[in-house]
Amino acid sequence: MRKRILAYRRLDEQQLDQLRERYQVDYFGKLASADDPAFREALGQAHGLIGAGVKITSELLDAAPNLETISSISVGVDSYPVEELTRRGILLSHTPDVLTETTADTGFALIMASARRVVELAEYVKRGEWQASIGAEQFGTDVHGKTLGMIGFGRIGQAIARRGALGFGMRVLYAKASPKPALEQELGARHCELDELLREADFVCAIVPLNADTRHLIGVAEFARMKSSAIFINLARGEVVDEAAMIDALERGEIRGAGLDVFAQEPLPADSPLPRMANVVALPHIGSATHETRTAMAQRAVDNLLLALEGKRPLSPFNPEAWSERLD
């Protein structure tokens, strides 16, 4: 009897065919909720999961007694109880690398759009309010030559920093990361403590994983330390920031503005003030959302899953210790 795969994120036909060649596939391309009865029934027979956007809980794992491996179509793994998966011997893989440059493009787009007030002024034109030459009340702020502060300096953070340092002559500071001497030499970047970064950066960019140490890493005290002219960029996870504190800082002019691709609750609730604030650029979590990159992420996840179900090391395992005796 063939093993079964439960897929709960959109895959293209070629990718589905790859899975179906070897395994039985239950496909939920537009899953609305993990409480879907058909999904729960399929979960009980699944040996492998592939998808994203569903919070995997211990209760869901209890309903999947045959589960061997999960292949997430994402870099972040905050939707998974990693320690619990490891304890149960369930291998988790993810998709780093393939989305680095695309997500960095989004991050730098937020920097540019926030600094030059692109969204706000485009709407100004659309409303027919551009009746004369613009004045100081519509001016933005320069990006070139400014200080870029990276909170987190992994693959995506480094890619954003390269754009800033090499493309815009920006001075780069980084914190909440181990020292990177080679990158310091390449980019002229400097490792520092978070407090120093907050005091000196013109653009403060958060790109750290969400975990117990980074939840609400940026709150009232951190916004108070930033320059009044600073622009805050969040490309990490919404819960890295105390959203109420950020809104207060924006409303009171404690910081100049914000460019946000992630939020504490997604989609944003109707009563959130963020989309209506002139000094905020709010995007619907589009970090890696291009046709090319999402296809590449899904393909990496398919490859990870097929390798794992064959008992081989995936291309990008997250908790290889779960299979420490099975992986070469």
# chains A, B, ... in the order shown; residues from 1 in each chain; ligands from 1
>>> residues_around(residues="segment 159-167 of chain A", least_positions_apart="5", cutoff="10 Å", atoms="only C-alpha atoms", output="VMD selection string")
chain A and resid 100 to 108 111 143 to 150 153 to 154 172 to 174 183 186 to 189 205 207
>>> write_last_selection(atoms="N, CA and C atoms", output="PDB file, in the first residue's frame")
ATOM      1  N   THR A 100      15.337  34.460  -0.830  1.00  0.00           N
ATOM      2  CA  THR A 100      16.153  35.506  -0.220  1.00  0.00           C
ATOM      3  C   THR A 100      16.115  36.807  -1.004  1.00  0.00           C
ATOM      4  N   GLU A 101      16.439  36.754  -2.284  1.00  0.00           N
ATOM      5  CA  GLU A 101      16.563  37.980  -3.065  1.00  0.00           C
ATOM      6  C   GLU A 101      15.214  38.657  -3.279  1.00  0.00           C
ATOM      7  N   THR A 102      14.181  37.858  -3.517  1.00  0.00           N
ATOM      8  CA  THR A 102      12.855  38.435  -3.727  1.00  0.00           C
ATOM      9  C   THR A 102      12.355  39.142  -2.474  1.00  0.00           C
ATOM     10  N   THR A 103      12.549  38.522  -1.316  1.00  0.00           N
ATOM     11  CA  THR A 103      12.101  39.139  -0.069  1.00  0.00           C
ATOM     12  C   THR A 103      12.928  40.385   0.230  1.00  0.00           C
ATOM     13  N   ALA A 104      14.211  40.351  -0.093  1.00  0.00           N
ATOM     14  CA  ALA A 104      15.041  41.542   0.087  1.00  0.00           C
ATOM     15  C   ALA A 104      14.576  42.675  -0.819  1.00  0.00           C
ATOM     16  N   ASP A 105      14.132  42.340  -2.033  1.00  0.00           N
ATOM     17  CA  ASP A 105      13.555  43.357  -2.919  1.00  0.00           C
ATOM     18  C   ASP A 105      12.366  44.036  -2.240  1.00  0.00           C
ATOM     19  N   THR A 106      11.495  43.215  -1.623  1.00  0.00           N
ATOM     20  CA  THR A 106      10.330  43.781  -0.933  1.00  0.00           C
ATOM     21  C   THR A 106      10.767  44.682   0.211  1.00  0.00           C
ATOM     22  N   GLY A 107      11.758  44.235   0.979  1.00  0.00           N
ATOM     23  CA  GLY A 107      12.240  45.044   2.082  1.00  0.00           C
ATOM     24  C   GLY A 107      12.770  46.389   1.618  1.00  0.00           C
ATOM     25  N   PHE A 108      13.540  46.384   0.534  1.00  0.00           N
ATOM     26  CA  PHE A 108      14.076  47.662   0.079  1.00  0.00           C
ATOM     27  C   PHE A 108      12.995  48.515  -0.577  1.00  0.00           C
ATOM     28  N   ILE A 111      11.546  50.400   2.196  1.00  0.00           N
ATOM     29  CA  ILE A 111      12.425  51.513   2.573  1.00  0.00           C
ATOM     30  C   ILE A 111      12.208  52.694   1.631  1.00  0.00           C
ATOM     31  N   VAL A 143      17.333  58.387   0.911  1.00  0.00           N
ATOM     32  CA  VAL A 143      17.779  57.057   1.324  1.00  0.00           C
ATOM     33  C   VAL A 143      19.289  56.952   1.172  1.00  0.00           C
ATOM     34  N   HIS A 144      19.816  57.432   0.043  1.00  0.00           N
ATOM     35  CA  HIS A 144      21.262  57.296  -0.189  1.00  0.00           C
ATOM     36  C   HIS A 144      22.042  58.034   0.898  1.00  0.00           C
ATOM     37  N   GLY A 145      23.107  57.383   1.334  1.00  0.00           N
ATOM     38  CA  GLY A 145      23.991  57.989   2.319  1.00  0.00           C
ATOM     39  C   GLY A 145      23.513  57.920   3.750  1.00  0.00           C
ATOM     40  N   LYS A 146      22.327  57.359   3.994  1.00  0.00           N
ATOM     41  CA  LYS A 146      21.795  57.284   5.353  1.00  0.00           C
ATOM     42  C   LYS A 146      22.285  56.016   6.057  1.00  0.00           C
ATOM     43  N   THR A 147      21.916  55.874   7.325  1.00  0.00           N
ATOM     44  CA  THR A 147      22.329  54.708   8.113  1.00  0.00           C
ATOM     45  C   THR A 147      21.198  53.693   8.164  1.00  0.00           C
ATOM     46  N   LEU A 148      21.524  52.483   7.753  1.00  0.00           N
ATOM     47  CA  LEU A 148      20.576  51.372   7.739  1.00  0.00           C
ATOM     48  C   LEU A 148      20.887  50.448   8.901  1.00  0.00           C
ATOM     49  N   GLY A 149      19.936  50.274   9.809  1.00  0.00           N
ATOM     50  CA  GLY A 149      20.129  49.400  10.956  1.00  0.00           C
ATOM     51  C   GLY A 149      19.371  48.102  10.786  1.00  0.00           C
ATOM     52  N   MET A 150      20.099  46.993  10.711  1.00  0.00           N
ATOM     53  CA  MET A 150      19.493  45.685  10.498  1.00  0.00           C
ATOM     54  C   MET A 150      19.397  44.937  11.823  1.00  0.00           C
ATOM     55  N   PHE A 153      20.645  39.507  10.927  1.00  0.00           N
ATOM     56  CA  PHE A 153      21.558  39.613   9.789  1.00  0.00           C
ATOM     57  C   PHE A 153      21.765  38.242   9.165  1.00  0.00           C
ATOM     58  N   GLY A 154      20.635  37.576   8.903  1.00  0.00           N
ATOM     59  CA  GLY A 154      20.671  36.311   8.186  1.00  0.00           C
ATOM     60  C   GLY A 154      20.702  36.555   6.688  1.00  0.00           C
ATOM     61  N   VAL A 172      25.916  50.685   7.238  1.00  0.00           N
ATOM     62  CA  VAL A 172      25.124  49.561   7.748  1.00  0.00           C
ATOM     63  C   VAL A 172      25.569  49.198   9.156  1.00  0.00           C
ATOM     64  N   LEU A 173      24.609  49.166  10.063  1.00  0.00           N
ATOM     65  CA  LEU A 173      24.800  48.627  11.407  1.00  0.00           C
ATOM     66  C   LEU A 173      23.958  47.367  11.520  1.00  0.00           C
ATOM     67  N   TYR A 174      24.415  46.392  12.310  1.00  0.00           N
ATOM     68  CA  TYR A 174      23.578  45.214  12.525  1.00  0.00           C
ATOM     69  C   TYR A 174      23.694  44.720  13.955  1.00  0.00           C
ATOM     70  N   LEU A 183      31.421  39.969   5.850  1.00  0.00           N
ATOM     71  CA  LEU A 183      30.440  40.939   5.378  1.00  0.00           C
ATOM     72  C   LEU A 183      30.796  42.351   5.829  1.00  0.00           C
ATOM     73  N   GLU A 186      33.168  43.438   3.267  1.00  0.00           N
ATOM     74  CA  GLU A 186      32.528  43.649   1.964  1.00  0.00           C
ATOM     75  C   GLU A 186      31.668  44.905   1.947  1.00  0.00           C
ATOM     76  N   LEU A 187      30.903  45.123   3.008  1.00  0.00           N
ATOM     77  CA  LEU A 187      29.894  46.179   3.012  1.00  0.00           C
ATOM     78  C   LEU A 187      30.254  47.372   3.885  1.00  0.00           C
ATOM     79  N   GLY A 188      31.329  47.255   4.649  1.00  0.00           N
ATOM     80  CA  GLY A 188      31.622  48.297   5.615  1.00  0.00           C
ATOM     81  C   GLY A 188      30.642  48.286   6.769  1.00  0.00           C
ATOM     82  N   ALA A 189      29.980  47.153   6.985  1.00  0.00           N
ATOM     83  CA  ALA A 189      28.981  47.033   8.055  1.00  0.00           C
ATOM     84  C   ALA A 189      29.673  46.943   9.405  1.00  0.00           C
ATOM     85  N   CYS A 205      15.384  48.174  10.398  1.00  0.00           N
ATOM     86  CA  CYS A 205      14.742  47.074   9.677  1.00  0.00           C
ATOM     87  C   CYS A 205      14.801  45.796  10.500  1.00  0.00           C
ATOM     88  N   ILE A 207      14.361  41.888  10.791  1.00  0.00           N
ATOM     89  CA  ILE A 207      14.305  40.684   9.971  1.00  0.00           C
ATOM     90  C   ILE A 207      14.901  39.535  10.772  1.00  0.00           C
TER      91      ILE A 207
END
>>> residues_around(residues="Leu283 of chain A", least_positions_apart="2", cutoff="9 Å", atoms="only C-alpha atoms", output="CSV table (one decimal) with N, CA, C and O atoms, in the first residue's frame")
chain,number,residue,atom,x,y,z
A,110,LEU,N,10.0,48.7,0.6
A,110,LEU,CA,9.4,49.4,1.7
A,110,LEU,C,10.2,50.6,2.2
A,110,LEU,O,9.7,51.6,2.6
A,259,GLY,N,7.2,51.0,7.3
A,259,GLY,CA,6.9,50.2,6.1
A,259,GLY,C,6.7,48.8,6.6
A,259,GLY,O,7.7,48.2,7.2
A,260,LEU,N,5.5,48.3,6.5
A,260,LEU,CA,5.2,47.0,7.1
A,260,LEU,C,4.6,46.0,6.1
A,260,LEU,O,3.7,46.3,5.3
A,261,ASP,N,5.2,44.8,6.2
A,261,ASP,CA,4.7,43.7,5.4
A,261,ASP,C,4.1,42.6,6.2
A,261,ASP,O,3.5,41.6,5.7
A,262,VAL,N,4.2,42.7,7.6
A,262,VAL,CA,3.7,41.7,8.5
A,262,VAL,C,3.0,42.4,9.7
A,262,VAL,O,3.4,43.5,10.0
A,275,PRO,N,-3.7,50.9,8.1
A,275,PRO,CA,-3.9,51.2,6.7
A,275,PRO,C,-4.3,52.7,6.4
A,275,PRO,O,-4.2,53.2,5.3
A,281,VAL,N,3.3,52.6,5.2
A,281,VAL,CA,3.1,51.8,4.0
A,281,VAL,C,2.8,50.4,4.4
A,281,VAL,O,3.7,49.8,5.1
A,285,HIS,N,1.6,41.1,3.3
A,285,HIS,CA,2.5,40.0,3.5
A,285,HIS,C,2.9,39.5,2.1
A,285,HIS,O,2.7,38.3,1.8
A,286,ILE,N,3.6,40.3,1.3
A,286,ILE,CA,4.0,39.9,0.0
A,286,ILE,C,5.5,39.6,-0.2
A,286,ILE,O,6.0,39.5,-1.3
A,287,GLY,N,6.2,39.4,1.0
A,287,GLY,CA,7.6,39.3,0.9
A,287,GLY,C,8.2,38.5,-0.2
A,287,GLY,O,9.1,38.9,-1.0
>>> atom_distance(atom1="atom CA of Leu307 of chain A", atom2="atom CA of Gly48 of chain A")
11.1 Å
>>> select_by_dssp(residues="segment 12-120 of chain A", states="alpha helix (DSSP H)", output="ChimeraX atom specification")
/A:13-22,37-43,58-62,82-88,100-115,118-120
>>> write_last_selection(atoms="N, CA and C atoms", output="compact mmCIF listing (two decimals), in the first residue's frame")
# COMPACT_ATOMS: atom_id res chain seq x y z
N GLU A 13 0.37 21.72 -11.42
CA GLU A 13 0.06 20.35 -11.86
C GLU A 13 1.32 19.50 -11.99
N GLN A 14 2.40 20.10 -12.45
CA GLN A 14 3.64 19.35 -12.58
C GLN A 14 4.13 18.88 -11.22
N GLN A 15 4.03 19.73 -10.21
CA GLN A 15 4.46 19.37 -8.87
C GLN A 15 3.56 18.30 -8.28
N LEU A 16 2.26 18.43 -8.49
CA LEU A 16 1.33 17.40 -8.02
C LEU A 16 1.61 16.07 -8.70
N ASP A 17 1.91 16.13 -10.00
CA ASP A 17 2.21 14.89 -10.72
C ASP A 17 3.46 14.21 -10.15
N GLN A 18 4.46 15.01 -9.77
CA GLN A 18 5.66 14.43 -9.15
C GLN A 18 5.30 13.63 -7.90
N LEU A 19 4.42 14.18 -7.09
CA LEU A 19 4.01 13.50 -5.87
C LEU A 19 3.17 12.27 -6.17
N ARG A 20 2.27 12.40 -7.15
CA ARG A 20 1.34 11.31 -7.45
C ARG A 20 2.01 10.12 -8.12
N GLU A 21 3.20 10.36 -8.72
CA GLU A 21 3.92 9.25 -9.34
C GLU A 21 4.27 8.17 -8.33
N ARG A 22 4.52 8.59 -7.09
CA ARG A 22 5.00 7.64 -6.07
C ARG A 22 4.05 7.44 -4.90
N PRO A 37 -13.62 18.86 7.99
CA PRO A 37 -13.74 17.42 8.27
C PRO A 37 -12.95 16.54 7.30
N ALA A 38 -12.97 16.91 6.02
CA ALA A 38 -12.23 16.11 5.03
C ALA A 38 -10.73 16.20 5.27
N PHE A 39 -10.26 17.38 5.66
CA PHE A 39 -8.84 17.54 5.98
C PHE A 39 -8.47 16.69 7.18
N ARG A 40 -9.33 16.70 8.20
CA ARG A 40 -9.05 15.91 9.41
C ARG A 40 -9.02 14.41 9.09
N GLU A 41 -9.91 13.98 8.23
CA GLU A 41 -9.93 12.56 7.86
C GLU A 41 -8.65 12.18 7.12
N ALA A 42 -8.24 13.04 6.18
CA ALA A 42 -7.01 12.77 5.42
C ALA A 42 -5.80 12.81 6.33
N LEU A 43 -5.82 13.69 7.32
CA LEU A 43 -4.70 13.83 8.25
C LEU A 43 -4.43 12.52 8.99
N SER A 58 -0.18 20.32 18.72
CA SER A 58 -0.06 18.97 19.27
C SER A 58 -1.33 18.18 19.03
N GLU A 59 -2.46 18.87 19.09
CA GLU A 59 -3.74 18.20 18.86
C GLU A 59 -3.84 17.68 17.42
N LEU A 60 -3.35 18.46 16.46
CA LEU A 60 -3.33 18.00 15.07
C LEU A 60 -2.36 16.83 14.91
N LEU A 61 -1.24 16.89 15.58
CA LEU A 61 -0.29 15.78 15.50
C LEU A 61 -0.88 14.51 16.09
N ASP A 62 -1.66 14.64 17.16
CA ASP A 62 -2.32 13.47 17.74
C ASP A 62 -3.26 12.81 16.74
N VAL A 82 8.33 22.85 16.96
CA VAL A 82 9.53 22.13 16.53
C VAL A 82 9.99 21.11 17.57
N GLU A 83 10.02 21.50 18.84
CA GLU A 83 10.47 20.57 19.86
C GLU A 83 9.56 19.35 19.95
N GLU A 84 8.26 19.58 19.80
CA GLU A 84 7.30 18.47 19.83
C GLU A 84 7.50 17.56 18.63
N LEU A 85 7.73 18.14 17.46
CA LEU A 85 7.98 17.34 16.27
C LEU A 85 9.22 16.48 16.46
N THR A 86 10.26 17.08 17.00
CA THR A 86 11.50 16.34 17.22
C THR A 86 11.29 15.19 18.20
N ARG A 87 10.57 15.50 19.26
CA ARG A 87 10.29 14.46 20.27
C ARG A 87 9.53 13.29 19.66
N ARG A 88 8.64 13.57 18.73
CA ARG A 88 7.84 12.52 18.10
C ARG A 88 8.56 11.86 16.93
N THR A 100 15.34 34.46 -0.83
CA THR A 100 16.15 35.51 -0.22
C THR A 100 16.11 36.81 -1.00
N GLU A 101 16.44 36.75 -2.28
CA GLU A 101 16.56 37.98 -3.06
C GLU A 101 15.21 38.66 -3.28
N THR A 102 14.18 37.86 -3.52
CA THR A 102 12.85 38.43 -3.73
C THR A 102 12.35 39.14 -2.47
N THR A 103 12.55 38.52 -1.32
CA THR A 103 12.10 39.14 -0.07
C THR A 103 12.93 40.38 0.23
N ALA A 104 14.21 40.35 -0.09
CA ALA A 104 15.04 41.54 0.09
C ALA A 104 14.58 42.67 -0.82
N ASP A 105 14.13 42.34 -2.03
CA ASP A 105 13.56 43.36 -2.92
C ASP A 105 12.37 44.04 -2.24
N THR A 106 11.50 43.22 -1.62
CA THR A 106 10.33 43.78 -0.93
C THR A 106 10.77 44.68 0.21
N GLY A 107 11.76 44.24 0.98
CA GLY A 107 12.24 45.04 2.08
C GLY A 107 12.77 46.39 1.62
N PHE A 108 13.54 46.38 0.53
CA PHE A 108 14.08 47.66 0.08
C PHE A 108 12.99 48.52 -0.58
N ALA A 109 12.00 47.87 -1.19
CA ALA A 109 10.87 48.63 -1.71
C ALA A 109 10.15 49.37 -0.58
N LEU A 110 10.01 48.72 0.58
CA LEU A 110 9.39 49.38 1.73
C LEU A 110 10.23 50.56 2.21
N ILE A 111 11.55 50.40 2.20
CA ILE A 111 12.43 51.51 2.57
C ILE A 111 12.21 52.69 1.63
N MET A 112 12.24 52.43 0.34
CA MET A 112 12.09 53.50 -0.65
C MET A 112 10.71 54.14 -0.60
N ALA A 113 9.68 53.30 -0.55
CA ALA A 113 8.31 53.83 -0.56
C ALA A 113 8.02 54.66 0.68
N SER A 114 8.53 54.21 1.83
CA SER A 114 8.29 54.95 3.07
C SER A 114 9.06 56.27 3.08
N ALA A 115 10.31 56.23 2.63
CA ALA A 115 11.14 57.43 2.65
C ALA A 115 10.61 58.50 1.70
N VAL A 118 5.82 57.29 -1.36
CA VAL A 118 5.34 56.91 -2.68
C VAL A 118 3.84 56.61 -2.68
N VAL A 119 3.38 55.79 -1.74
CA VAL A 119 1.96 55.42 -1.72
C VAL A 119 1.09 56.63 -1.40
N GLU A 120 1.47 57.35 -0.38
CA GLU A 120 0.72 58.54 0.04
C GLU A 120 0.59 59.55 -1.11
>>> closest_residue(among="A:Ala301, A:Val98, A:Leu327, A:Ile151", to="Val241 of chain A", atoms="only C-alpha atoms")
A:Ile151
>>> decode(residues="segment 108-120 of chain A", atoms="N, CA, C and O atoms", output="tab-separated table (two decimals), in the first residue's frame")
chain	number	residue	atom	x	y	z
A	108	PHE	N	13.54	46.38	0.53
A	108	PHE	CA	14.08	47.66	0.08
A	108	PHE	C	12.99	48.52	-0.58
A	108	PHE	O	13.05	49.76	-0.52
A	109	ALA	N	12.00	47.87	-1.19
A	109	ALA	CA	10.87	48.63	-1.71
A	109	ALA	C	10.15	49.37	-0.58
A	109	ALA	O	9.73	50.52	-0.75
A	110	LEU	N	10.01	48.72	0.58
A	110	LEU	CA	9.39	49.38	1.73
A	110	LEU	C	10.23	50.56	2.21
A	110	LEU	O	9.69	51.61	2.59
A	111	ILE	N	11.55	50.40	2.20
A	111	ILE	CA	12.43	51.51	2.57
A	111	ILE	C	12.21	52.69	1.63
A	111	ILE	O	12.00	53.84	2.06
A	112	MET	N	12.24	52.43	0.34
A	112	MET	CA	12.09	53.50	-0.65
A	112	MET	C	10.71	54.14	-0.60
A	112	MET	O	10.57	55.38	-0.62
A	113	ALA	N	9.68	53.30	-0.55
A	113	ALA	CA	8.31	53.83	-0.56
A	113	ALA	C	8.02	54.66	0.68
A	113	ALA	O	7.36	55.70	0.60
A	114	SER	N	8.53	54.21	1.83
A	114	SER	CA	8.29	54.95	3.07
A	114	SER	C	9.06	56.27	3.08
A	114	SER	O	8.53	57.31	3.49
A	115	ALA	N	10.31	56.23	2.63
A	115	ALA	CA	11.14	57.43	2.65
A	115	ALA	C	10.61	58.50	1.70
A	115	ALA	O	10.54	59.68	2.04
A	116	ARG	N	10.21	58.08	0.50
A	116	ARG	CA	9.78	59.04	-0.52
A	116	ARG	C	8.26	59.21	-0.57
A	116	ARG	O	7.74	59.86	-1.46
A	117	ARG	N	7.56	58.59	0.41
A	117	ARG	CA	6.10	58.74	0.56
A	117	ARG	C	5.36	58.36	-0.73
A	117	ARG	O	4.41	59.01	-1.15
A	118	VAL	N	5.82	57.29	-1.36
A	118	VAL	CA	5.34	56.91	-2.68
A	118	VAL	C	3.84	56.61	-2.68
A	118	VAL	O	3.09	57.11	-3.53
A	119	VAL	N	3.38	55.79	-1.74
A	119	VAL	CA	1.96	55.42	-1.72
A	119	VAL	C	1.09	56.63	-1.40
A	119	VAL	O	0.09	56.90	-2.06
A	120	GLU	N	1.47	57.35	-0.38
A	120	GLU	CA	0.72	58.54	0.04
A	120	GLU	C	0.59	59.55	-1.11
A	120	GLU	O	-0.51	60.07	-1.38
